[in-house]
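S.K.: The structure's right below; bear with me while I get my questions together.
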Amino acid sequence: MDTIVGSLDTCKPENGDVIRPNGPVQSAPRSVISDSSSATLGRHLAHRLVEIGVNDVFSVPGDFNLTLLDHLIAEPGLNLIGCCNELNAGYAADGYARSRGVGACVVTFTVGGLSVINAIAGAYGENLPLICIIGGPNSNDYGTNRILHHTIGLSDFRQELTCFEAVTCYQAVVNNLEDAHEQIDKAVSMALSESKPVYISISCNLAATPHPTFRSDPVPFSLSTKSSNKMSLEAAVEATVEFLNKAVKPVLVGGPKMRMAKASKALVELADASGYPLAVMPSAKGI
């Protein structure tokens, strides 16, 4: 049986490298939403995902994320793909990030987050920009010492966050609309600039709540391109050439860091120019 996931096949990069915006994303002029009821956090997050190249989001519904999922479904540029369990969703987002440059998954609080975390940890080790979105507790539940369902029976809501702190480069707990815009944009930017997963927890009662900060279309991301120090690079090249010229049987070995550096094409060019034998580590296969 043939299986087709979203629109992966139509947008796959030619060389399989990770794609990250380098500079402003070109878009139509910013507009102001005339209907203030549509100026919601969920709409803003959906627009950000589409802007960075995420068109397919992998999810497992749960009562903490249902309203947020409704907003993602309403975004024409997003295709919501339901998965059998959270770990499947995480690994699907991992594969999507390898193919498209960035991936996203949406699960529910704790019972979903602790299930997907193994996939997020793998993406962290593989330097994949992956946005893990959690439907979190009601903002009114924070500080109440309540014991919520889908948890491990303690009133400490930080347990899930504490686990994700070790396997993500940035964590945003959005339980206040005043800084929700800033937190979401910071998390998405960090995923792209660091090429690592990020954690975004959004209180379940905030996704559909209008706020003035979401009235205008978001300003396009502008991420500066990382560049090497010219003198250091020249010194490194000279040392490498000297080392290789002394080698009797040099062999080039490509590793998984090629993805993060978008260097797979450069490695092939080096192999062709030098004539050295080329091997690729198992962890870099397919790159």
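Every chain in the structure tokens has a letter given in the order shown (A, B, ...), and although residue numbers restart at 1 in each chain, ligands are simply numbered from 1 in the order shown.
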Quick one: residues within 8 Å of A:Thr151, only C-alpha atoms, excluding same-chain residues fewer than 3 positions away - as a PyMOL selection string?
M.R.: chain A and resi 109-111+147-148+154
S.K.: Using the selection just defined, write its residues with N, CA and C atoms as a compact mmCIF listing (two decimals), in the first residue's frame.
M.R.:
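What ended up in result39.txt:
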```txt
# COMPACT_ATOMS: atom_id res chain seq x y z
N PHE A 109 -0.62 17.95 27.19
CA PHE A 109 0.22 18.19 28.37
C PHE A 109 0.61 16.90 29.09
N THR A 110 1.87 16.76 29.40
CA THR A 110 2.49 15.71 30.22
C THR A 110 2.31 14.31 29.66
N VAL A 111 1.08 13.80 29.61
CA VAL A 111 0.89 12.44 29.09
C VAL A 111 1.34 12.37 27.63
N ILE A 147 -4.30 19.26 41.35
CA ILE A 147 -3.78 18.07 40.68
C ILE A 147 -4.62 17.83 39.43
N LEU A 148 -3.99 17.94 38.28
CA LEU A 148 -4.71 17.81 37.01
C LEU A 148 -4.61 16.40 36.45
N LEU A 154 0.94 14.99 40.79
CA LEU A 154 1.49 16.04 41.64
C LEU A 154 1.05 17.40 41.11
```
S.K.: Using only C-alpha atoms, what does the table of stretch 161-249 of chain A residues within 12 Å of stretch 268-278 of chain A look like, with each row giving the shortest atom pair and its distance in Å to one decimal, sorted by chain and ascending number, as CSV?
M.R.:
```
residue,atom,partner,partner_atom,distance
A:Val241,CA,A:Ser274,CA,10.8
A:Leu244,CA,A:Ser274,CA,10.1
A:Asn245,CA,A:Ser274,CA,10.7
A:Ala247,CA,A:Tyr276,CA,11.0
A:Val248,CA,A:Tyr276,CA,11.0
A:Lys249,CA,A:Tyr276,CA,8.2
```
S.K.: Output the selection as a JSON list (two decimals), in the first residue's frame - C-alpha atoms for each residue.
M.R.:
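Saved file selection.json follows:
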```json
[["chain", "number", "residue", "atom", "x", "y", "z"],
["A", 241, "VAL", "CA", 46.22, 21.23, 3.08],
["A", 244, "LEU", "CA", 46.65, 16.15, 3.68],
["A", 245, "ASN", "CA", 49.71, 16.59, 1.46],
["A", 247, "ALA", "CA", 49.17, 11.76, 4.12],
["A", 248, "VAL", "CA", 49.99, 8.51, 2.31],
["A", 249, "LYS", "CA", 46.42, 7.24, 1.84]]
```
S.K.: Taking only C-alpha atoms into account, which of A:Val54, A:Leu45, A:Ala284, A:Leu78 comes nearest A:Ala208?
M.R.: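 Closest to A:Ala208, using only C-alpha atoms: A:Leu45.
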S.K.: Pick from A:Asn127, A:Gly122, A:Ile134, A:Leu192: nearest to A:Gly53, with only C-alpha atoms counted?
M.R.: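 Closest residue, counting only C-alpha atoms: A:Leu192.
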S.K.: What does the structure give for the distance between atom CA of A:Val57 and atom CA of A:Glu178, in Å to one decimal?
M.R.: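 Computing the Euclidean distance for atom CA of A:Val57 and atom CA of A:Glu178 yields 25.9 Å.
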S.K.: Using atom CA of A:Leu177 and atom CA of A:Tyr124 as the two end points, give the distance in Å to one decimal.
M.R.: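 Atom CA of A:Tyr124 lies at a distance of 28.4 Å from atom CA of A:Leu177.
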S.K.: In stretch 59-202 of chain A, what's helix (DSSP H, G or I) per DSSP? Answer as a PDB file with N, CA and C atoms, in the first residue's frame?
M.R.:
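Final output, saved to out-v3.pdb:
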```
ATOM      1  N   LEU A  66      -7.056  20.842  21.983  1.00  0.00           N
ATOM      2  CA  LEU A  66      -8.101  20.790  20.959  1.00  0.00           C
ATOM      3  C   LEU A  66      -8.387  22.155  20.338  1.00  0.00           C
ATOM      4  N   THR A  67      -8.470  23.192  21.152  1.00  0.00           N
ATOM      5  CA  THR A  67      -8.751  24.536  20.621  1.00  0.00           C
ATOM      6  C   THR A  67      -7.607  25.019  19.744  1.00  0.00           C
ATOM      7  N   LEU A  68      -6.375  24.754  20.163  1.00  0.00           N
ATOM      8  CA  LEU A  68      -5.220  25.135  19.355  1.00  0.00           C
ATOM      9  C   LEU A  68      -5.230  24.400  18.029  1.00  0.00           C
ATOM     10  N   LEU A  69      -5.562  23.124  18.047  1.00  0.00           N
ATOM     11  CA  LEU A  69      -5.617  22.348  16.804  1.00  0.00           C
ATOM     12  C   LEU A  69      -6.681  22.904  15.862  1.00  0.00           C
ATOM     13  N   ASP A  70      -7.791  23.397  16.405  1.00  0.00           N
ATOM     14  CA  ASP A  70      -8.825  24.015  15.562  1.00  0.00           C
ATOM     15  C   ASP A  70      -8.260  25.202  14.797  1.00  0.00           C
ATOM     16  N   HIS A  71      -7.411  25.990  15.443  1.00  0.00           N
ATOM     17  CA  HIS A  71      -6.817  27.148  14.784  1.00  0.00           C
ATOM     18  C   HIS A  71      -5.797  26.726  13.728  1.00  0.00           C
ATOM     19  N   LEU A  72      -5.064  25.675  13.990  1.00  0.00           N
ATOM     20  CA  LEU A  72      -4.106  25.192  12.993  1.00  0.00           C
ATOM     21  C   LEU A  72      -4.842  24.624  11.781  1.00  0.00           C
ATOM     22  N   ILE A  73      -5.946  23.922  12.023  1.00  0.00           N
ATOM     23  CA  ILE A  73      -6.738  23.382  10.918  1.00  0.00           C
ATOM     24  C   ILE A  73      -7.311  24.507  10.059  1.00  0.00           C
ATOM     25  N   ALA A  74      -7.662  25.618  10.692  1.00  0.00           N
ATOM     26  CA  ALA A  74      -8.276  26.739   9.971  1.00  0.00           C
ATOM     27  C   ALA A  74      -7.275  27.476   9.079  1.00  0.00           C
ATOM     28  N   GLU A  86       2.012   9.787  20.284  1.00  0.00           N
ATOM     29  CA  GLU A  86       2.892  10.953  20.304  1.00  0.00           C
ATOM     30  C   GLU A  86       4.292  10.649  19.779  1.00  0.00           C
ATOM     31  N   LEU A  87       4.801   9.474  20.084  1.00  0.00           N
ATOM     32  CA  LEU A  87       6.145   9.135  19.606  1.00  0.00           C
ATOM     33  C   LEU A  87       6.175   9.078  18.091  1.00  0.00           C
ATOM     34  N   ASN A  88       5.109   8.539  17.490  1.00  0.00           N
ATOM     35  CA  ASN A  88       5.005   8.547  16.030  1.00  0.00           C
ATOM     36  C   ASN A  88       5.009   9.977  15.486  1.00  0.00           C
ATOM     37  N   ALA A  89       4.264  10.856  16.154  1.00  0.00           N
ATOM     38  CA  ALA A  89       4.198  12.254  15.722  1.00  0.00           C
ATOM     39  C   ALA A  89       5.579  12.901  15.796  1.00  0.00           C
ATOM     40  N   GLY A  90       6.307  12.610  16.876  1.00  0.00           N
ATOM     41  CA  GLY A  90       7.639  13.189  17.026  1.00  0.00           C
ATOM     42  C   GLY A  90       8.603  12.714  15.967  1.00  0.00           C
ATOM     43  N   TYR A  91       8.591  11.428  15.675  1.00  0.00           N
ATOM     44  CA  TYR A  91       9.504  10.904  14.664  1.00  0.00           C
ATOM     45  C   TYR A  91       9.093  11.337  13.253  1.00  0.00           C
ATOM     46  N   ALA A  92       7.793  11.509  13.034  1.00  0.00           N
ATOM     47  CA  ALA A  92       7.345  12.030  11.739  1.00  0.00           C
ATOM     48  C   ALA A  92       7.836  13.462  11.550  1.00  0.00           C
ATOM     49  N   ALA A  93       7.759  14.266  12.608  1.00  0.00           N
ATOM     50  CA  ALA A  93       8.266  15.646  12.542  1.00  0.00           C
ATOM     51  C   ALA A  93       9.780  15.652  12.360  1.00  0.00           C
ATOM     52  N   ASP A  94      10.460  14.686  12.959  1.00  0.00           N
ATOM     53  CA  ASP A  94      11.910  14.532  12.785  1.00  0.00           C
ATOM     54  C   ASP A  94      12.237  14.290  11.312  1.00  0.00           C
ATOM     55  N   GLY A  95      11.543  13.340  10.691  1.00  0.00           N
ATOM     56  CA  GLY A  95      11.781  13.072   9.270  1.00  0.00           C
ATOM     57  C   GLY A  95      11.431  14.257   8.391  1.00  0.00           C
ATOM     58  N   TYR A  96      10.372  14.959   8.756  1.00  0.00           N
ATOM     59  CA  TYR A  96       9.964  16.148   8.000  1.00  0.00           C
ATOM     60  C   TYR A  96      11.057  17.206   8.059  1.00  0.00           C
ATOM     61  N   ALA A  97      11.649  17.386   9.248  1.00  0.00           N
ATOM     62  CA  ALA A  97      12.716  18.376   9.404  1.00  0.00           C
ATOM     63  C   ALA A  97      13.935  17.995   8.571  1.00  0.00           C
ATOM     64  N   ARG A  98      14.237  16.718   8.472  1.00  0.00           N
ATOM     65  CA  ARG A  98      15.361  16.277   7.640  1.00  0.00           C
ATOM     66  C   ARG A  98      15.107  16.593   6.167  1.00  0.00           C
ATOM     67  N   SER A  99      13.861  16.460   5.753  1.00  0.00           N
ATOM     68  CA  SER A  99      13.528  16.668   4.346  1.00  0.00           C
ATOM     69  C   SER A  99      13.274  18.129   4.002  1.00  0.00           C
ATOM     70  N   ARG A 100      12.572  18.848   4.894  1.00  0.00           N
ATOM     71  CA  ARG A 100      12.146  20.202   4.580  1.00  0.00           C
ATOM     72  C   ARG A 100      12.936  21.290   5.287  1.00  0.00           C
ATOM     73  N   GLY A 113       3.438  14.987  26.265  1.00  0.00           N
ATOM     74  CA  GLY A 113       4.794  15.523  26.237  1.00  0.00           C
ATOM     75  C   GLY A 113       5.834  14.504  26.637  1.00  0.00           C
ATOM     76  N   LEU A 114       5.570  13.740  27.682  1.00  0.00           N
ATOM     77  CA  LEU A 114       6.538  12.744  28.120  1.00  0.00           C
ATOM     78  C   LEU A 114       6.597  11.551  27.163  1.00  0.00           C
ATOM     79  N   SER A 115       5.577  11.404  26.332  1.00  0.00           N
ATOM     80  CA  SER A 115       5.587  10.345  25.330  1.00  0.00           C
ATOM     81  C   SER A 115       6.403  10.744  24.106  1.00  0.00           C
ATOM     82  N   VAL A 116       6.346  12.020  23.734  1.00  0.00           N
ATOM     83  CA  VAL A 116       7.047  12.481  22.532  1.00  0.00           C
ATOM     84  C   VAL A 116       8.507  12.818  22.796  1.00  0.00           C
ATOM     85  N   ILE A 117       8.900  12.895  24.062  1.00  0.00           N
ATOM     86  CA  ILE A 117      10.206  13.454  24.403  1.00  0.00           C
ATOM     87  C   ILE A 117      11.371  12.637  23.843  1.00  0.00           C
ATOM     88  N   ASN A 118      11.200  11.336  23.660  1.00  0.00           N
ATOM     89  CA  ASN A 118      12.297  10.529  23.118  1.00  0.00           C
ATOM     90  C   ASN A 118      12.635  10.968  21.691  1.00  0.00           C
ATOM     91  N   ALA A 119      11.609  11.269  20.909  1.00  0.00           N
ATOM     92  CA  ALA A 119      11.844  11.753  19.546  1.00  0.00           C
ATOM     93  C   ALA A 119      12.489  13.134  19.564  1.00  0.00           C
ATOM     94  N   ILE A 120      12.081  13.971  20.498  1.00  0.00           N
ATOM     95  CA  ILE A 120      12.669  15.310  20.606  1.00  0.00           C
ATOM     96  C   ILE A 120      14.134  15.213  20.993  1.00  0.00           C
ATOM     97  N   ALA A 121      14.454  14.303  21.905  1.00  0.00           N
ATOM     98  CA  ALA A 121      15.847  14.110  22.306  1.00  0.00           C
ATOM     99  C   ALA A 121      16.688  13.645  21.124  1.00  0.00           C
ATOM    100  N   GLY A 122      16.135  12.767  20.298  1.00  0.00           N
ATOM    101  CA  GLY A 122      16.855  12.326  19.107  1.00  0.00           C
ATOM    102  C   GLY A 122      17.103  13.465  18.137  1.00  0.00           C
ATOM    103  N   ALA A 123      16.097  14.330  17.958  1.00  0.00           N
ATOM    104  CA  ALA A 123      16.254  15.491  17.079  1.00  0.00           C
ATOM    105  C   ALA A 123      17.300  16.448  17.630  1.00  0.00           C
ATOM    106  N   TYR A 124      17.378  16.549  18.956  1.00  0.00           N
ATOM    107  CA  TYR A 124      18.398  17.401  19.578  1.00  0.00           C
ATOM    108  C   TYR A 124      19.795  16.872  19.253  1.00  0.00           C
ATOM    109  N   GLY A 125      19.963  15.573  19.360  1.00  0.00           N
ATOM    110  CA  GLY A 125      21.266  14.980  19.046  1.00  0.00           C
ATOM    111  C   GLY A 125      21.625  15.076  17.580  1.00  0.00           C
ATOM    112  N   SER A 139      -4.509  28.661  32.098  1.00  0.00           N
ATOM    113  CA  SER A 139      -3.654  29.658  32.757  1.00  0.00           C
ATOM    114  C   SER A 139      -4.104  29.938  34.189  1.00  0.00           C
ATOM    115  N   ASN A 140      -5.372  29.705  34.476  1.00  0.00           N
ATOM    116  CA  ASN A 140      -5.889  29.931  35.831  1.00  0.00           C
ATOM    117  C   ASN A 140      -5.488  28.825  36.803  1.00  0.00           C
ATOM    118  N   ASP A 141      -4.938  27.725  36.278  1.00  0.00           N
ATOM    119  CA  ASP A 141      -4.549  26.609  37.142  1.00  0.00           C
ATOM    120  C   ASP A 141      -3.173  26.805  37.773  1.00  0.00           C
ATOM    121  N   GLN A 159       7.113  19.676  35.907  1.00  0.00           N
ATOM    122  CA  GLN A 159       7.762  18.387  35.684  1.00  0.00           C
ATOM    123  C   GLN A 159       8.057  18.143  34.212  1.00  0.00           C
ATOM    124  N   GLU A 160       7.081  18.375  33.357  1.00  0.00           N
ATOM    125  CA  GLU A 160       7.293  18.204  31.924  1.00  0.00           C
ATOM    126  C   GLU A 160       8.354  19.177  31.416  1.00  0.00           C
ATOM    127  N   LEU A 161       8.261  20.441  31.821  1.00  0.00           N
ATOM    128  CA  LEU A 161       9.224  21.452  31.407  1.00  0.00           C
ATOM    129  C   LEU A 161      10.639  21.059  31.824  1.00  0.00           C
ATOM    130  N   THR A 162      10.787  20.572  33.046  1.00  0.00           N
ATOM    131  CA  THR A 162      12.106  20.169  33.544  1.00  0.00           C
ATOM    132  C   THR A 162      12.718  19.093  32.662  1.00  0.00           C
ATOM    133  N   CYS A 163      11.908  18.167  32.217  1.00  0.00           N
ATOM    134  CA  CYS A 163      12.412  17.108  31.324  1.00  0.00           C
ATOM    135  C   CYS A 163      12.864  17.674  29.984  1.00  0.00           C
ATOM    136  N   PHE A 164      12.088  18.616  29.433  1.00  0.00           N
ATOM    137  CA  PHE A 164      12.401  19.166  28.113  1.00  0.00           C
ATOM    138  C   PHE A 164      13.583  20.129  28.144  1.00  0.00           C
ATOM    139  N   LEU A 177      -1.092  36.242  27.860  1.00  0.00           N
ATOM    140  CA  LEU A 177      -1.165  36.795  26.508  1.00  0.00           C
ATOM    141  C   LEU A 177      -0.272  38.013  26.309  1.00  0.00           C
ATOM    142  N   GLU A 178       0.106  38.675  27.381  1.00  0.00           N
ATOM    143  CA  GLU A 178       0.892  39.898  27.254  1.00  0.00           C
ATOM    144  C   GLU A 178       2.241  39.634  26.582  1.00  0.00           C
ATOM    145  N   ASP A 179       2.869  38.497  26.865  1.00  0.00           N
ATOM    146  CA  ASP A 179       4.172  38.207  26.274  1.00  0.00           C
ATOM    147  C   ASP A 179       4.133  36.979  25.369  1.00  0.00           C
ATOM    148  N   ALA A 180       2.945  36.532  25.006  1.00  0.00           N
ATOM    149  CA  ALA A 180       2.815  35.331  24.173  1.00  0.00           C
ATOM    150  C   ALA A 180       3.454  35.525  22.805  1.00  0.00           C
ATOM    151  N   HIS A 181       3.209  36.678  22.185  1.00  0.00           N
ATOM    152  CA  HIS A 181       3.774  36.989  20.865  1.00  0.00           C
ATOM    153  C   HIS A 181       5.294  36.880  20.917  1.00  0.00           C
ATOM    154  N   GLU A 182       5.886  37.511  21.919  1.00  0.00           N
ATOM    155  CA  GLU A 182       7.345  37.525  22.045  1.00  0.00           C
ATOM    156  C   GLU A 182       7.902  36.123  22.301  1.00  0.00           C
ATOM    157  N   GLN A 183       7.255  35.369  23.165  1.00  0.00           N
ATOM    158  CA  GLN A 183       7.753  34.038  23.502  1.00  0.00           C
ATOM    159  C   GLN A 183       7.697  33.085  22.307  1.00  0.00           C
ATOM    160  N   ILE A 184       6.604  33.118  21.572  1.00  0.00           N
ATOM    161  CA  ILE A 184       6.470  32.234  20.408  1.00  0.00           C
ATOM    162  C   ILE A 184       7.504  32.579  19.355  1.00  0.00           C
ATOM    163  N   ASP A 185       7.655  33.860  19.057  1.00  0.00           N
ATOM    164  CA  ASP A 185       8.624  34.270  18.038  1.00  0.00           C
ATOM    165  C   ASP A 185      10.055  33.941  18.457  1.00  0.00           C
ATOM    166  N   LYS A 186      10.355  34.111  19.729  1.00  0.00           N
ATOM    167  CA  LYS A 186      11.689  33.783  20.230  1.00  0.00           C
ATOM    168  C   LYS A 186      11.960  32.300  20.084  1.00  0.00           C
ATOM    169  N   ALA A 187      10.996  31.463  20.399  1.00  0.00           N
ATOM    170  CA  ALA A 187      11.177  30.018  20.300  1.00  0.00           C
ATOM    171  C   ALA A 187      11.405  29.586  18.854  1.00  0.00           C
ATOM    172  N   VAL A 188      10.585  30.103  17.962  1.00  0.00           N
ATOM    173  CA  VAL A 188      10.733  29.735  16.547  1.00  0.00           C
ATOM    174  C   VAL A 188      12.088  30.201  16.005  1.00  0.00           C
ATOM    175  N   SER A 189      12.492  31.404  16.372  1.00  0.00           N
ATOM    176  CA  SER A 189      13.784  31.933  15.933  1.00  0.00           C
ATOM    177  C   SER A 189      14.941  31.076  16.448  1.00  0.00           C
ATOM    178  N   MET A 190      14.851  30.639  17.697  1.00  0.00           N
ATOM    179  CA  MET A 190      15.909  29.822  18.280  1.00  0.00           C
ATOM    180  C   MET A 190      16.010  28.473  17.583  1.00  0.00           C
ATOM    181  N   ALA A 191      14.887  27.882  17.238  1.00  0.00           N
ATOM    182  CA  ALA A 191      14.914  26.604  16.524  1.00  0.00           C
ATOM    183  C   ALA A 191      15.651  26.736  15.205  1.00  0.00           C
ATOM    184  N   LEU A 192      15.410  27.825  14.504  1.00  0.00           N
ATOM    185  CA  LEU A 192      16.036  28.032  13.197  1.00  0.00           C
ATOM    186  C   LEU A 192      17.503  28.409  13.314  1.00  0.00           C
ATOM    187  N   SER A 193      17.823  29.297  14.241  1.00  0.00           N
ATOM    188  CA  SER A 193      19.198  29.783  14.339  1.00  0.00           C
ATOM    189  C   SER A 193      20.134  28.755  14.963  1.00  0.00           C
ATOM    190  N   GLU A 194      19.627  27.958  15.914  1.00  0.00           N
ATOM    191  CA  GLU A 194      20.465  26.978  16.597  1.00  0.00           C
ATOM    192  C   GLU A 194      20.374  25.592  15.970  1.00  0.00           C
TER     193      GLU A 194
END
```
S.K.: Under the rule that only C-alpha atoms are counted, which of A:Asn85, A:Ser283, A:Thr40, A:Pro76 is the nearest residue to A:Ser59?
M.R.: A:Asn85
S.K.: Env of A:Gln171: 8 Å cut, atoms = only C-alpha atoms, seq-sep filter 2 positions within chain, self excluded. Answer as a PyMOL selection string.
M.R.: chain A and resi 161+164-165+168-169+173+187+198-200
S.K.: Can you write out the residues you just picked, keeping N, CA, C and O atoms, as a tab-separated table (two decimals), in the first residue's frame?
M.R.:
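Writing done, so here's selection35.tsv:
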```
chain	number	residue	atom	x	y	z
A	161	LEU	N	8.26	20.44	31.82
A	161	LEU	CA	9.22	21.45	31.41
A	161	LEU	C	10.64	21.06	31.82
A	161	LEU	O	11.59	21.20	31.04
A	164	PHE	N	12.09	18.62	29.43
A	164	PHE	CA	12.40	19.17	28.11
A	164	PHE	C	13.58	20.13	28.14
A	164	PHE	O	14.19	20.38	27.10
A	165	GLU	N	13.91	20.66	29.30
A	165	GLU	CA	15.04	21.59	29.38
A	165	GLU	C	16.35	20.93	28.96
A	165	GLU	O	17.25	21.61	28.47
A	168	THR	N	16.04	20.47	24.62
A	168	THR	CA	15.65	21.56	23.73
A	168	THR	C	16.54	22.76	24.00
A	168	THR	O	17.06	22.92	25.10
A	169	CYS	N	16.71	23.61	23.00
A	169	CYS	CA	17.58	24.78	23.17
A	169	CYS	C	16.83	25.98	23.72
A	169	CYS	O	17.45	26.96	24.13
A	173	VAL	N	6.92	28.84	28.03
A	173	VAL	CA	5.67	28.48	28.70
A	173	VAL	C	4.73	29.67	28.57
A	173	VAL	O	4.90	30.69	29.25
A	187	ALA	N	11.00	31.46	20.40
A	187	ALA	CA	11.18	30.02	20.30
A	187	ALA	C	11.40	29.59	18.85
A	187	ALA	O	12.32	28.81	18.56
A	198	VAL	N	12.84	23.07	19.99
A	198	VAL	CA	12.38	23.99	21.03
A	198	VAL	C	11.05	23.47	21.58
A	198	VAL	O	10.36	22.68	20.94
A	199	TYR	N	10.73	23.94	22.78
A	199	TYR	CA	9.52	23.52	23.50
A	199	TYR	C	8.61	24.72	23.68
A	199	TYR	O	9.05	25.76	24.17
A	200	ILE	N	7.36	24.61	23.23
A	200	ILE	CA	6.38	25.68	23.42
A	200	ILE	C	5.15	25.09	24.07
A	200	ILE	O	4.47	24.24	23.49
```
S.K.: May I ask which of the residues A:Ala166, A:Val60, A:Val106, A:Val174 is the closest one to A:Cys132, counting only C-alpha atoms?
M.R.: A:Val106
S.K.: Leaving out A:Leu128 and any residue of its chain fewer than 6 positions from it, which residues lie within 7 Å of it when counting only C-alpha atoms, given as a PDB file with N, CA and C atoms, in the first residue's frame?
M.R.:
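around-v6.pdb, freshly written:
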```pdb
ATOM      1  N   ALA A  97      11.649  17.386   9.248  1.00  0.00           N
ATOM      2  CA  ALA A  97      12.716  18.376   9.404  1.00  0.00           C
ATOM      3  C   ALA A  97      13.935  17.995   8.571  1.00  0.00           C
ATOM      4  N   SER A 195      19.417  25.391  15.083  1.00  0.00           N
ATOM      5  CA  SER A 195      19.181  24.082  14.470  1.00  0.00           C
ATOM      6  C   SER A 195      19.011  23.009  15.547  1.00  0.00           C
ATOM      7  N   LYS A 196      18.122  23.302  16.476  1.00  0.00           N
ATOM      8  CA  LYS A 196      17.809  22.399  17.587  1.00  0.00           C
ATOM      9  C   LYS A 196      16.301  22.465  17.865  1.00  0.00           C
ATOM     10  N   PRO A 197      15.763  21.458  18.553  1.00  0.00           N
ATOM     11  CA  PRO A 197      14.346  21.514  18.919  1.00  0.00           C
ATOM     12  C   PRO A 197      14.075  22.581  19.975  1.00  0.00           C
TER      13      PRO A 197
END
```
S.K.: What's around A:Asn65 at 8 Å? Count only C-alpha atoms, leave out sequence neighbours fewer than 6 positions away in its own chain, and write the answer as number ranges by chain.
M.R.: A: 106-108, 134-136, 204
